[in-house]
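Text of target.txt (compact mmCIF, C-alpha atoms) as supplied:
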# COMPACT_ATOMS: atom_id res chain seq x y z
CA MET S 31 -22.23 -2.56 0.52
CA LYS S 32 -21.62 -4.77 3.55
CA PRO S 33 -20.09 -8.23 3.30
CA ALA S 34 -22.19 -11.34 3.84
CA PRO S 35 -21.47 -13.22 7.08
CA PHE S 36 -18.43 -15.48 7.21
CA ASP S 37 -16.40 -17.46 9.70
CA TYR S 38 -13.11 -15.86 10.56
CA GLU S 39 -9.79 -17.48 11.41
CA ALA S 40 -6.57 -15.63 12.13
CA PRO S 41 -3.83 -18.26 12.32
CA ARG S 42 -0.42 -17.32 13.72
CA THR S 43 1.60 -19.84 11.74
CA LEU S 44 1.84 -20.92 8.12
CA HIS S 45 1.29 -24.52 9.22
CA ARG S 46 -2.06 -23.63 10.79
CA ALA S 47 -3.05 -21.42 7.81
CA LEU S 48 -2.51 -24.33 5.42
CA GLU S 49 -4.66 -26.57 7.64
CA LEU S 50 -7.51 -24.08 7.35
CA LEU S 51 -7.48 -23.69 3.56
CA ASP S 52 -10.04 -25.71 1.64
CA ASP S 53 -12.85 -25.27 -0.91
CA ASP S 54 -14.94 -23.14 1.49
CA ALA S 55 -12.11 -20.86 2.54
CA LYS S 56 -10.53 -17.79 1.05
CA ALA S 57 -7.15 -16.44 2.11
CA LEU S 58 -7.21 -12.78 3.16
CA ALA S 59 -3.96 -10.90 2.59
CA GLY S 60 -4.03 -7.07 2.44
CA GLY S 61 -7.71 -7.09 1.52
CA GLN S 62 -7.45 -4.23 -0.96
CA SER S 63 -9.03 -6.32 -3.74
CA LEU S 64 -10.89 -9.05 -1.82
CA VAL S 65 -12.72 -6.80 0.65
CA PRO S 66 -14.21 -4.54 -2.08
CA VAL S 67 -15.65 -7.57 -3.90
CA MET S 68 -16.94 -8.89 -0.56
CA ASN S 69 -18.53 -5.49 0.16
CA PHE S 70 -20.25 -5.75 -3.23
CA ARG S 71 -21.15 -9.36 -2.34
CA LEU S 72 -19.56 -10.51 -5.56
CA ALA S 73 -17.56 -12.81 -3.29
CA ARG S 74 -19.17 -14.62 -0.35
CA PRO S 75 -16.54 -16.90 1.13
CA ALA S 76 -17.86 -19.14 3.90
CA ARG S 77 -14.58 -18.77 5.80
CA LEU S 78 -11.81 -16.19 5.72
CA VAL S 79 -8.31 -17.26 6.65
CA ASP S 80 -6.66 -13.98 7.59
CA LEU S 81 -2.90 -14.15 6.96
CA ASN S 82 -2.10 -10.81 8.57
CA ARG S 83 -0.87 -12.41 11.79
CA VAL S 84 1.32 -14.99 10.07
CA GLY S 85 4.59 -13.19 10.76
CA GLU S 86 6.71 -15.80 8.98
CA LEU S 87 5.21 -14.74 5.63
CA ALA S 88 6.32 -11.10 5.93
CA TYR S 89 9.95 -10.74 4.95
CA LEU S 90 12.13 -9.23 2.28
CA ARG S 91 15.66 -10.58 2.05
CA ARG S 92 18.51 -10.89 -0.38
CA ARG S 93 20.29 -14.24 -0.32
CA ARG S 94 23.05 -15.21 -2.74
CA GLY S 95 22.05 -12.40 -5.05
CA ARG S 96 18.38 -13.41 -5.23
CA LEU S 97 15.49 -11.48 -3.71
CA HIS S 98 13.06 -13.46 -1.55
CA ILE S 99 9.75 -11.70 -0.98
CA GLY S 100 7.44 -13.26 1.60
CA ALA S 101 3.87 -13.26 0.32
CA MET S 102 2.63 -10.99 3.13
CA THR S 103 5.24 -8.30 2.48
CA ARG S 104 3.36 -5.01 2.20
CA GLN S 105 3.67 -3.09 -1.04
CA ALA S 106 4.79 -0.12 1.08
CA THR S 107 7.67 -2.22 2.46
CA LEU S 108 8.79 -3.07 -1.06
CA GLU S 109 8.52 0.60 -2.01
CA ARG S 110 10.69 1.71 0.93
CA SER S 111 13.38 -0.98 0.60
CA GLU S 112 16.84 0.34 -0.25
CA VAL S 113 17.95 -3.13 -1.38
CA VAL S 114 15.07 -3.27 -3.84
CA ALA S 115 15.72 0.27 -5.08
CA ARG S 116 19.39 -0.52 -5.69
CA ALA S 117 19.31 -4.05 -7.10
CA TRP S 118 15.75 -4.46 -8.48
CA PRO S 119 14.78 -0.91 -9.45
CA LEU S 120 12.00 -2.24 -11.71
CA LEU S 121 10.05 -3.29 -8.61
CA ARG S 122 10.41 0.19 -7.10
CA GLN S 123 9.40 1.75 -10.42
CA ALA S 124 6.32 -0.50 -10.63
CA VAL S 125 5.08 -0.41 -7.04
CA GLY S 126 4.69 3.38 -7.02
CA HIS S 127 1.89 2.93 -9.55
CA VAL S 128 -0.07 0.52 -7.32
CA GLY S 129 -3.15 2.37 -6.08
CA HIS S 130 -2.33 5.03 -3.50
CA PRO S 131 -0.22 5.15 -0.31
CA GLN S 132 -3.27 4.10 1.74
CA ILE S 133 -3.63 1.02 -0.50
CA ARG S 134 0.07 0.14 -0.47
CA ALA S 135 0.16 0.35 3.35
CA ARG S 136 -2.11 -2.71 3.46
CA GLY S 137 -1.77 -4.35 0.06
CA THR S 138 0.73 -7.19 -0.21
CA VAL S 139 2.99 -8.56 -2.92
CA GLY S 140 1.50 -12.04 -2.62
CA GLY S 141 -2.06 -10.76 -2.60
CA SER S 142 -1.52 -8.77 -5.76
CA CYS S 143 -0.11 -11.86 -7.52
CA ALA S 144 -2.81 -14.23 -6.24
CA HIS S 145 -5.54 -11.78 -7.30
CA ALA S 146 -4.06 -11.85 -10.83
CA ASP S 147 -5.64 -8.76 -12.30
CA PRO S 148 -4.02 -8.41 -15.74
CA THR S 149 -3.74 -4.65 -15.18
CA ALA S 150 -1.92 -5.04 -11.86
CA GLU S 151 1.63 -3.68 -11.86
CA LEU S 152 3.57 -6.10 -9.66
CA PRO S 153 2.66 -9.28 -11.62
CA VAL S 154 3.86 -7.58 -14.81
CA ALA S 155 7.14 -6.43 -13.26
CA LEU S 156 7.70 -9.89 -11.72
CA THR S 157 6.98 -11.50 -15.09
CA ALA S 158 9.64 -9.31 -16.70
CA LEU S 159 12.08 -10.29 -13.93
CA ASP S 160 11.59 -14.06 -14.44
CA ALA S 161 10.33 -14.45 -10.88
CA ARG S 162 9.51 -17.85 -9.39
CA PHE S 163 6.31 -18.36 -7.41
CA HIS S 164 6.64 -20.69 -4.42
CA VAL S 165 3.42 -22.41 -3.46
CA ARG S 166 2.63 -24.53 -0.38
CA SER S 167 -0.22 -26.75 0.73
CA ARG S 168 -0.69 -29.41 3.39
CA ALA S 169 0.30 -31.96 0.77
CA GLY S 170 3.53 -30.36 -0.38
CA ARG S 171 5.11 -27.56 -2.30
CA ARG S 172 5.76 -26.52 -5.87
CA THR S 173 7.45 -23.68 -7.72
CA LEU S 174 5.94 -22.04 -10.79
CA ARG S 175 7.14 -19.62 -13.43
CA ALA S 176 4.98 -16.56 -14.18
CA GLU S 177 3.66 -18.19 -17.36
CA GLU S 178 2.48 -21.12 -15.27
CA PHE S 179 1.23 -19.18 -12.25
CA PHE S 180 -0.97 -16.65 -14.08
CA VAL S 181 -3.67 -18.61 -15.91
CA THR S 182 -6.17 -15.99 -17.04
CA HIS S 183 -8.10 -12.94 -15.85
CA LEU S 184 -8.26 -13.10 -12.00
CA THR S 185 -7.22 -16.75 -12.09
CA THR S 186 -3.97 -18.42 -11.05
CA ALA S 187 -2.80 -22.01 -10.93
CA LEU S 188 -3.39 -22.05 -7.14
CA ALA S 189 -5.74 -24.81 -5.95
CA ALA S 190 -8.18 -24.06 -3.13
CA ASP S 191 -5.86 -25.62 -0.54
CA GLU S 192 -2.72 -23.92 -1.87
CA LEU S 193 -1.11 -20.69 -0.78
CA LEU S 194 1.44 -18.52 -2.51
CA VAL S 195 4.13 -18.17 0.18
CA GLU S 196 7.05 -16.48 -1.57
CA VAL S 197 8.08 -14.76 -4.76
CA GLU S 198 11.74 -15.22 -5.63
CA VAL S 199 13.46 -12.85 -8.02
CA PRO S 200 16.79 -13.62 -9.73
CA PRO S 201 19.42 -10.89 -10.04
CA LEU S 202 19.36 -8.56 -13.03
CA PRO S 203 22.10 -9.12 -15.62
CA GLU S 204 25.21 -7.01 -14.96
CA GLY S 205 24.72 -3.52 -16.38
CA ALA S 206 21.00 -3.97 -17.07
CA ARG S 207 18.63 -1.02 -16.80
CA SER S 208 14.89 -1.15 -16.32
CA ALA S 209 11.79 0.98 -16.64
CA PHE S 210 8.10 0.71 -15.86
CA VAL S 211 5.56 2.93 -17.59
CA GLU S 212 1.79 2.83 -17.77
CA HIS S 213 -1.14 4.94 -18.83
CA ALA S 214 -3.98 5.53 -16.38
CA ARG S 215 -6.53 8.33 -16.51
CA THR S 216 -5.43 9.53 -13.10
CA HIS S 217 -2.47 8.42 -10.99
CA GLY S 218 -3.33 5.27 -9.03
CA ASP S 219 -6.31 4.32 -11.19
CA PHE S 220 -6.39 1.03 -13.03
CA ALA S 221 -4.08 1.38 -16.01
CA LEU S 222 -5.28 0.84 -19.57
CA ALA S 223 -1.89 -0.36 -20.74
CA GLY S 224 1.69 -0.49 -19.57
CA ALA S 225 5.09 -2.06 -19.97
CA ALA S 226 7.95 -3.32 -17.82
CA VAL S 227 11.28 -3.56 -19.58
CA VAL S 228 14.75 -4.76 -18.68
CA VAL S 229 17.37 -3.67 -21.19
CA ALA S 230 20.54 -5.73 -20.77
CA PRO S 231 23.92 -5.27 -22.47
CA ALA S 232 24.53 -7.23 -25.69
CA GLY S 233 24.76 -10.98 -25.15
CA THR S 234 22.49 -11.09 -22.07
CA PRO S 235 18.72 -11.48 -22.32
CA SER S 236 16.48 -8.43 -22.14
CA ALA S 237 12.82 -8.58 -21.11
CA ILE S 238 9.61 -6.85 -22.11
CA ALA S 239 6.36 -7.60 -20.23
CA LEU S 240 3.03 -5.99 -21.08
CA LEU S 241 0.22 -4.82 -18.78
CA GLY S 242 -3.38 -5.00 -19.95
CA ALA S 243 -2.42 -6.60 -23.26
CA ALA S 244 -3.96 -10.01 -22.54
CA ALA S 245 -5.73 -11.95 -19.78
CA THR S 246 -2.38 -12.36 -17.98
CA PRO S 247 0.89 -10.44 -17.89
CA LEU S 248 2.38 -11.04 -21.32
CA ARG S 249 6.04 -11.40 -22.32
CA ALA S 250 6.73 -9.95 -25.77
CA ARG S 251 9.20 -12.64 -26.82
CA GLU S 252 9.57 -11.60 -30.45
CA ALA S 253 10.22 -8.02 -29.45
CA GLU S 254 12.76 -9.21 -26.86
CA ALA S 255 14.60 -11.21 -29.52
CA ALA S 256 14.65 -8.20 -31.83
CA LEU S 257 15.98 -6.03 -29.01
CA GLY S 258 18.70 -8.61 -28.34
CA ALA S 259 19.59 -8.61 -32.04
CA GLY S 260 20.09 -4.86 -31.98
CA ALA S 261 16.83 -3.67 -33.57
CA ALA S 262 15.86 -0.01 -33.14
CA ALA S 263 13.59 0.74 -30.17
CA ALA S 264 10.75 1.91 -32.45
CA ASP S 265 10.76 -1.45 -34.27
CA VAL S 266 10.96 -3.39 -31.00
CA ALA S 267 8.00 -1.41 -29.64
CA ARG S 268 5.96 -2.11 -32.78
CA LEU S 269 6.58 -5.85 -32.42
CA ALA S 270 5.40 -5.70 -28.81
CA GLY S 271 2.33 -3.63 -29.71
CA ASP S 272 1.37 -6.15 -32.41
CA LEU S 273 0.44 -8.57 -29.61
CA VAL S 274 -2.52 -6.36 -28.66
CA ALA S 275 -5.76 -6.93 -30.59
CA ASP S 276 -7.62 -3.69 -29.85
CA GLU S 277 -6.47 -0.82 -32.07
CA TYR S 278 -6.35 1.94 -29.45
CA ARG S 279 -4.63 -0.22 -26.87
CA ARG S 280 -2.19 -1.42 -29.53
CA ALA S 281 -1.18 2.16 -30.32
CA LEU S 282 -0.97 2.93 -26.61
CA THR S 283 1.10 -0.16 -25.84
CA THR S 284 3.50 0.58 -28.70
CA ALA S 285 4.03 4.13 -27.44
CA LEU S 286 4.51 2.97 -23.84
CA VAL S 287 7.02 0.26 -24.76
CA ARG S 288 8.88 2.83 -26.84
CA ARG S 289 8.97 5.19 -23.84
CA ALA S 290 10.03 2.44 -21.43
CA LEU S 291 12.86 1.37 -23.75
CA ARG S 292 14.04 4.96 -24.00
CA GLU S 293 13.94 5.36 -20.20
CA ALA S 294 15.96 2.16 -19.86
CA GLY S 295 18.57 3.43 -22.27
CA ALA S 296 17.75 1.47 -25.44
CA ARG S 297 18.42 3.21 -28.72
CA MET I 225 -15.64 -12.04 18.47
CA ARG I 226 -14.03 -10.23 21.34
CA ILE I 227 -11.55 -7.53 20.36
CA SER I 228 -9.40 -5.02 22.19
CA VAL I 229 -8.43 -1.97 20.15
CA GLU I 230 -6.67 1.22 21.07
CA VAL I 231 -8.50 4.12 19.46
CA ASN I 232 -7.12 7.64 19.86
CA GLY I 233 -5.06 6.53 22.84
CA GLU I 234 -7.96 4.86 24.64
CA ARG I 235 -8.44 1.10 24.90
CA HIS I 236 -11.81 -0.29 23.82
CA GLU I 237 -13.03 -3.83 24.43
CA ALA I 238 -15.90 -4.88 22.21
CA GLU I 239 -17.80 -7.81 20.80
CA VAL I 240 -18.02 -7.66 17.00
CA GLU I 241 -19.18 -9.80 14.12
CA PRO I 242 -16.24 -10.77 11.88
CA ARG I 243 -17.86 -8.96 8.94
CA THR I 244 -18.06 -5.61 10.76
CA LEU I 245 -15.96 -3.12 8.82
CA LEU I 246 -13.54 -1.01 10.83
CA SER I 247 -15.33 2.10 9.50
CA ASP I 248 -18.68 0.88 10.89
CA PHE I 249 -17.11 -0.18 14.17
CA LEU I 250 -15.68 3.30 14.67
CA ARG I 251 -18.94 5.04 13.79
CA HIS I 252 -21.61 2.73 15.21
CA ASP I 253 -19.92 0.97 18.13
CA LEU I 254 -17.68 3.79 19.33
CA GLY I 255 -19.74 6.75 18.09
CA LEU I 256 -16.74 8.30 16.36
CA THR I 257 -18.67 9.73 13.43
CA GLY I 258 -15.85 11.98 12.24
CA THR I 259 -14.73 9.11 10.00
CA HIS I 260 -17.02 9.31 6.99
CA VAL I 261 -18.15 6.49 4.76
CA GLY I 262 -18.41 7.17 1.05
CA CYS I 263 -18.00 4.43 -1.51
CA GLU I 264 -17.28 1.48 0.81
CA HIS I 265 -15.03 -0.14 -1.75
CA GLY I 266 -11.75 1.63 -1.24
CA VAL I 267 -11.96 4.27 -3.97
CA CYS I 268 -13.05 7.55 -2.38
CA GLY I 269 -10.77 7.72 0.67
CA ALA I 270 -13.40 9.38 2.89
CA CYS I 271 -12.98 6.70 5.58
CA THR I 272 -9.16 6.97 5.79
CA VAL I 273 -7.84 6.47 9.34
CA GLN I 274 -4.38 5.64 10.64
CA VAL I 275 -3.59 2.14 11.88
CA ASP I 276 -0.28 1.90 13.70
CA GLY I 277 0.58 5.26 12.14
CA GLU I 278 -0.14 4.35 8.50
CA PRO I 279 -3.12 5.83 6.63
CA VAL I 280 -5.43 3.02 5.51
CA ARG I 281 -8.97 2.63 4.19
CA ALA I 282 -11.19 1.77 7.17
CA CYS I 283 -13.80 0.26 4.79
CA LEU I 284 -11.24 -2.32 3.60
CA MET I 285 -10.40 -3.64 7.06
CA PHE I 286 -12.54 -5.70 9.37
CA ALA I 287 -12.74 -4.53 12.96
CA VAL I 288 -11.41 -7.92 14.09
CA GLN I 289 -8.22 -7.15 12.19
CA ALA I 290 -7.66 -4.10 14.39
CA ASP I 291 -7.49 -6.30 17.51
CA GLY I 292 -4.34 -5.33 19.41
CA ARG I 293 -3.57 -2.45 17.07
CA ALA I 294 -3.64 1.33 17.49
CA VAL I 295 -6.18 3.29 15.45
CA ARG I 296 -6.19 7.07 15.10
CA THR I 297 -9.15 8.99 13.72
CA VAL I 298 -9.80 12.64 12.88
CA GLU I 299 -11.17 13.20 16.39
CA ALA I 300 -7.58 12.90 17.68
CA LEU I 301 -6.07 15.42 15.28
CA ALA I 302 -6.78 18.71 17.06
CA VAL I 303 -4.27 19.65 19.74
CA ASP I 304 -7.10 20.41 22.19
CA GLU I 305 -10.68 21.74 22.24
CA GLN I 306 -9.50 25.20 21.24
CA THR I 307 -6.52 24.47 19.01
CA LEU I 308 -6.81 22.81 15.64
CA HIS I 309 -3.95 20.87 14.08
CA PRO I 310 -1.88 23.05 11.67
CA LEU I 311 -3.29 21.04 8.76
CA GLN I 312 -6.85 21.69 9.90
CA ARG I 313 -6.06 25.41 10.29
CA ALA I 314 -4.57 25.44 6.80
CA PHE I 315 -7.70 23.77 5.34
CA HIS I 316 -9.77 26.46 7.04
CA ALA I 317 -7.57 29.31 5.85
CA GLU I 318 -7.42 28.12 2.25
CA HIS I 319 -11.10 27.11 1.94
CA ALA I 320 -9.92 23.58 1.22
CA LEU I 321 -13.38 22.23 1.95
CA GLN I 322 -16.91 23.07 0.97
CA CYS I 323 -19.35 20.37 2.02
CA GLY I 324 -16.69 18.78 4.24
CA PHE I 325 -17.68 15.19 3.62
CA CYS I 326 -14.23 14.19 2.32
CA THR I 327 -12.23 16.34 4.73
CA ALA I 328 -11.56 13.85 7.51
CA GLY I 329 -10.15 11.40 4.98
CA PHE I 330 -7.91 14.05 3.43
CA LEU I 331 -6.63 15.13 6.84
CA MET I 332 -5.80 11.60 8.01
CA SER I 333 -4.09 10.80 4.68
CA LEU I 334 -2.09 14.02 4.55
CA GLU I 335 -1.06 14.46 8.18
CA PRO I 336 1.92 12.05 8.03
CA PHE I 337 2.78 13.39 4.56
CA VAL I 338 3.12 17.05 5.60
CA ARG I 339 5.08 15.95 8.65
CA ASP I 340 7.53 13.73 6.74
CA ARG I 341 7.70 15.62 3.42
CA PRO I 342 7.37 19.35 4.17
CA ASP I 343 9.52 20.12 1.11
CA ALA I 344 7.33 18.09 -1.31
CA SER I 345 6.87 19.43 -4.84
CA GLU I 346 3.43 20.28 -6.19
CA GLU I 347 3.47 17.05 -8.23
CA GLU I 348 4.27 15.02 -5.11
CA ILE I 349 1.48 16.75 -3.20
CA ARG I 350 -0.99 15.95 -5.98
CA GLU I 351 0.14 12.34 -5.95
CA ALA I 352 -0.20 12.19 -2.15
CA LEU I 353 -3.83 13.31 -2.31
CA ALA I 354 -4.79 11.25 -5.37
CA GLY I 355 -6.23 8.56 -3.11
CA ASN I 356 -8.91 10.91 -1.78
CA LEU I 357 -11.80 12.24 -3.83
CA CYS I 358 -13.34 15.68 -3.35
CA ARG I 359 -16.37 16.68 -5.44
CA CYS I 360 -16.45 20.35 -4.39
CA THR I 361 -13.12 22.13 -4.32
CA GLY I 362 -11.37 21.19 -7.54
CA TYR I 363 -8.37 20.32 -5.33
CA GLU I 364 -6.48 23.61 -5.86
CA PRO I 365 -7.29 24.92 -2.37
CA ILE I 366 -6.35 21.52 -0.91
CA VAL I 367 -2.91 21.70 -2.54
CA ALA I 368 -2.58 25.25 -1.20
CA ALA I 369 -3.54 24.04 2.29
CA VAL I 370 -0.89 21.32 2.21
CA ARG I 371 1.70 23.93 1.24
CA ARG I 372 0.58 26.26 4.02
CA ALA I 373 0.60 23.53 6.66
CA ALA I 374 4.01 22.29 5.51
CA ALA I 375 5.42 25.83 5.69
CA GLU I 376 4.00 26.28 9.18
CA LEU I 377 5.34 22.95 10.41
CA GLN I 378 8.74 23.63 8.85
CA GLY I 379 8.84 27.11 10.38
CA GLY I 380 8.34 25.53 13.79
CA ALA I 381 5.25 27.63 14.35
CA GLY I 382 3.01 24.54 14.57

Take the structure in the file and give it back as structure tokens.
Amino acid sequence: MKPAPFDYEAPRTLHRALELLDDDAKALAGGQSLVPVMNFRLARPARLVDLNRVGELAYLRRRRGRLHIGAMTRQATLERSEVVARAWPLLRQAVGHVGHPQIRARGTVGGSCAHADPTAELPVALTALDARFHVRSRAGRRTLRAEEFFVTHLTTALAADELLVEVEVPPLPEGARSAFVEHARTHGDFALAGAAVVVAPAGTPSAIALLGAAATPLRAREAEAALGAGAAAADVARLAGDLVADEYRRALTTALVRRALREAGAR
Amino acid sequence: MRISVEVNGERHEAEVEPRTLLSDFLRHDLGLTGTHVGCEHGVCGACTVQVDGEPVRACLMFAVQADGRAVRTVEALAVDEQTLHPLQRAFHAEHALQCGFCTAGFLMSLEPFVRDRPDASEEEIREALAGNLCRCTGYEPIVAAVRRAAAELQGGAG
């Protein structure tokens, strides 16, 4: 239950952090997922590049209606942000389900995305919000959509020398309402299933993203189209649930999508 | 690596391996054995301490990460040798512990909560302590202790 030895670097700048990232290195953000697997020795990185002193990666700002979340923004900061609560309530609704206060005090938005657990809440909420994932390396930069960033269970499109530096969230459609619901055996445990929904007025796109339904956060496109066409919430929820193979989880997902749609004001 | 950490108001300089967990540094290097170590993977909450005022899992931080930061452990909670913190008194009064192994973690998690949210509902209290496991009490006395401490702090008697 103690980590294997490793070399430790704590760069102060993003530039230096990018220089240190290579095949032998692992970036350390909040450590709430990486350190447990290191304690179990399931991960034995030769070098840790600790990002906790890279101040330029910790920010939360609204610019021209879009939310820019620096990768090292703590989950607790997101949870306490009035701007987020007002303009992106789905993120506030989702982050309260992430672990416990002690976890959210350290855990980061970028770390949660880069860890890519398909039952993690923030990746699902960000998928529903059409977020963009900004990635940097020594060689350059690129921007990915959720469907490109999340590849499979615990795997993203990030190469060993790349770092997720920012998540950018577009504004919600005017008049849209959102909800995040999940089922976990106790509050803060890993959820079995869940849903993030954005219900927009007629003519603007709504969104439904599922937690635990697949190896990545999953958009329920057919259900979204049905919702946009005015289908009843129960039928929309059934379409979303149909994406889940396992029978129990399918029933659970259907019920949770139904509940989320109701909370967000869908009929 | 050389680190300089403020623990319970006192500065400590030490040489640590990068892989030394903050929980082990507190217990083995500084002899502060009030912080208990349970699961060592961030689930049980027994090792909860406060870093710069925020409750965190000491088993999920490396001691090197505490360099230049302020750590507070259960040893700093009592007012003085004779006077326990209102939350500690409430745990005592309500029998909110049996074996006591989890208690330090509960106290360090809940201390900012009772201070900032003395009017919290029962549901909020239960959510606030969900990150700490207790195998003895069934949690009811712990909820009662939080209520008692909050009432005392709100009444200004603390």

Please return, as a ChimeraX atom specification, all residues of chain S lying within 7 Å of chain I when only C-alpha atoms are considered.
-> /S:31,33,35-36,38,61-62,65-66,69,130,132-133,135-136,217

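The space between atom CA of S:Thr246 and atom CA of S:Thr182 spans 5.3 Å.
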
Contact residues around stretch 148-153 of chain S with all atoms listed in the file at 10 Å, ignoring same-chain residues under 4 positions, as a PyMOL selection string | chain S and resi 105+120-129+138-140+142-144+157-159+161+176+180+182-185+210-212+220-226+239-248

Need the neighbours of (-18.1, 19.6, -1.9): which residues are at most 8 Å away, counting only C-alpha atoms, as a PyMOL selection string?
-> chain I and resi 321-326+358-361

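All protein and nucleic acid residues in the vicinity of (-10.4, 4.3, 17.4), that is within 7 Å when counting all atoms listed in the file, are Glu230, Val231, Asn232, Leu250, Val295, Arg296 and Thr297 of chain I.
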
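For the set S:Thr43, S:Thr284, S:Thr186, S:Ser111, the residue with the smallest atom-to-atom gap to S:Val79 is S:Thr43, counting only C-alpha atoms.
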
Residue contacts of S:Leu90 (10 Å, only C-alpha atoms) excluding same-chain residues fewer than 3 positions away, as a ChimeraX atom specification = /S:87,93,97-104,107-108,111,113-114,196-198

Give me the residues near I:Ala302 as a PDB file with C-alpha atoms, in the frame of the given file, where near means some atom within 12 Å (using all atoms listed in the file) and where sequence neighbours in that chain fewer than 3 positions away do not count.
ATOM      1  CA  ASN I 232      -7.120   7.640  19.860  1.00  0.00           C
ATOM      2  CA  ARG I 296      -6.190   7.070  15.100  1.00  0.00           C
ATOM      3  CA  THR I 297      -9.150   8.990  13.720  1.00  0.00           C
ATOM      4  CA  VAL I 298      -9.800  12.640  12.880  1.00  0.00           C
ATOM      5  CA  GLU I 299     -11.170  13.200  16.390  1.00  0.00           C
ATOM      6  CA  GLU I 305     -10.680  21.740  22.240  1.00  0.00           C
ATOM      7  CA  GLN I 306      -9.500  25.200  21.240  1.00  0.00           C
ATOM      8  CA  THR I 307      -6.520  24.470  19.010  1.00  0.00           C
ATOM      9  CA  LEU I 308      -6.810  22.810  15.640  1.00  0.00           C
ATOM     10  CA  HIS I 309      -3.950  20.870  14.080  1.00  0.00           C
ATOM     11  CA  PRO I 310      -1.880  23.050  11.670  1.00  0.00           C
ATOM     12  CA  LEU I 311      -3.290  21.040   8.760  1.00  0.00           C
ATOM     13  CA  GLN I 312      -6.850  21.690   9.900  1.00  0.00           C
ATOM     14  CA  ARG I 313      -6.060  25.410  10.290  1.00  0.00           C
ATOM     15  CA  ALA I 328     -11.560  13.850   7.510  1.00  0.00           C
ATOM     16  CA  LEU I 331      -6.630  15.130   6.840  1.00  0.00           C
ATOM     17  CA  MET I 332      -5.800  11.600   8.010  1.00  0.00           C
ATOM     18  CA  GLU I 335      -1.060  14.460   8.180  1.00  0.00           C
ATOM     19  CA  GLY I 382       3.010  24.540  14.570  1.00  0.00           C
TER      20      GLY I 382
END

Shell of 9 Å around I:Ile349, all atoms listed in the file, local chain residues under 2 positions omitted, as an NGL selection string | :I and (334 or 337-338 or 344-347 or 351-354 or 367 or 370-371)

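As for atom CA of I:Gly233 and atom CA of I:Leu357, they are spaced 28.1 Å apart.
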
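For the pair atom CA of S:Arg162 and atom CA of S:Val195, the interatomic distance is 11.0 Å.
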
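Residues in contact range of stretch 364-366 of chain I, defined as at most 7 Å between all atoms listed in the file, with sequence neighbours fewer than 4 positions away removed, read Phe315, Glu318, His319, Ala320 and Val370 of chain I.
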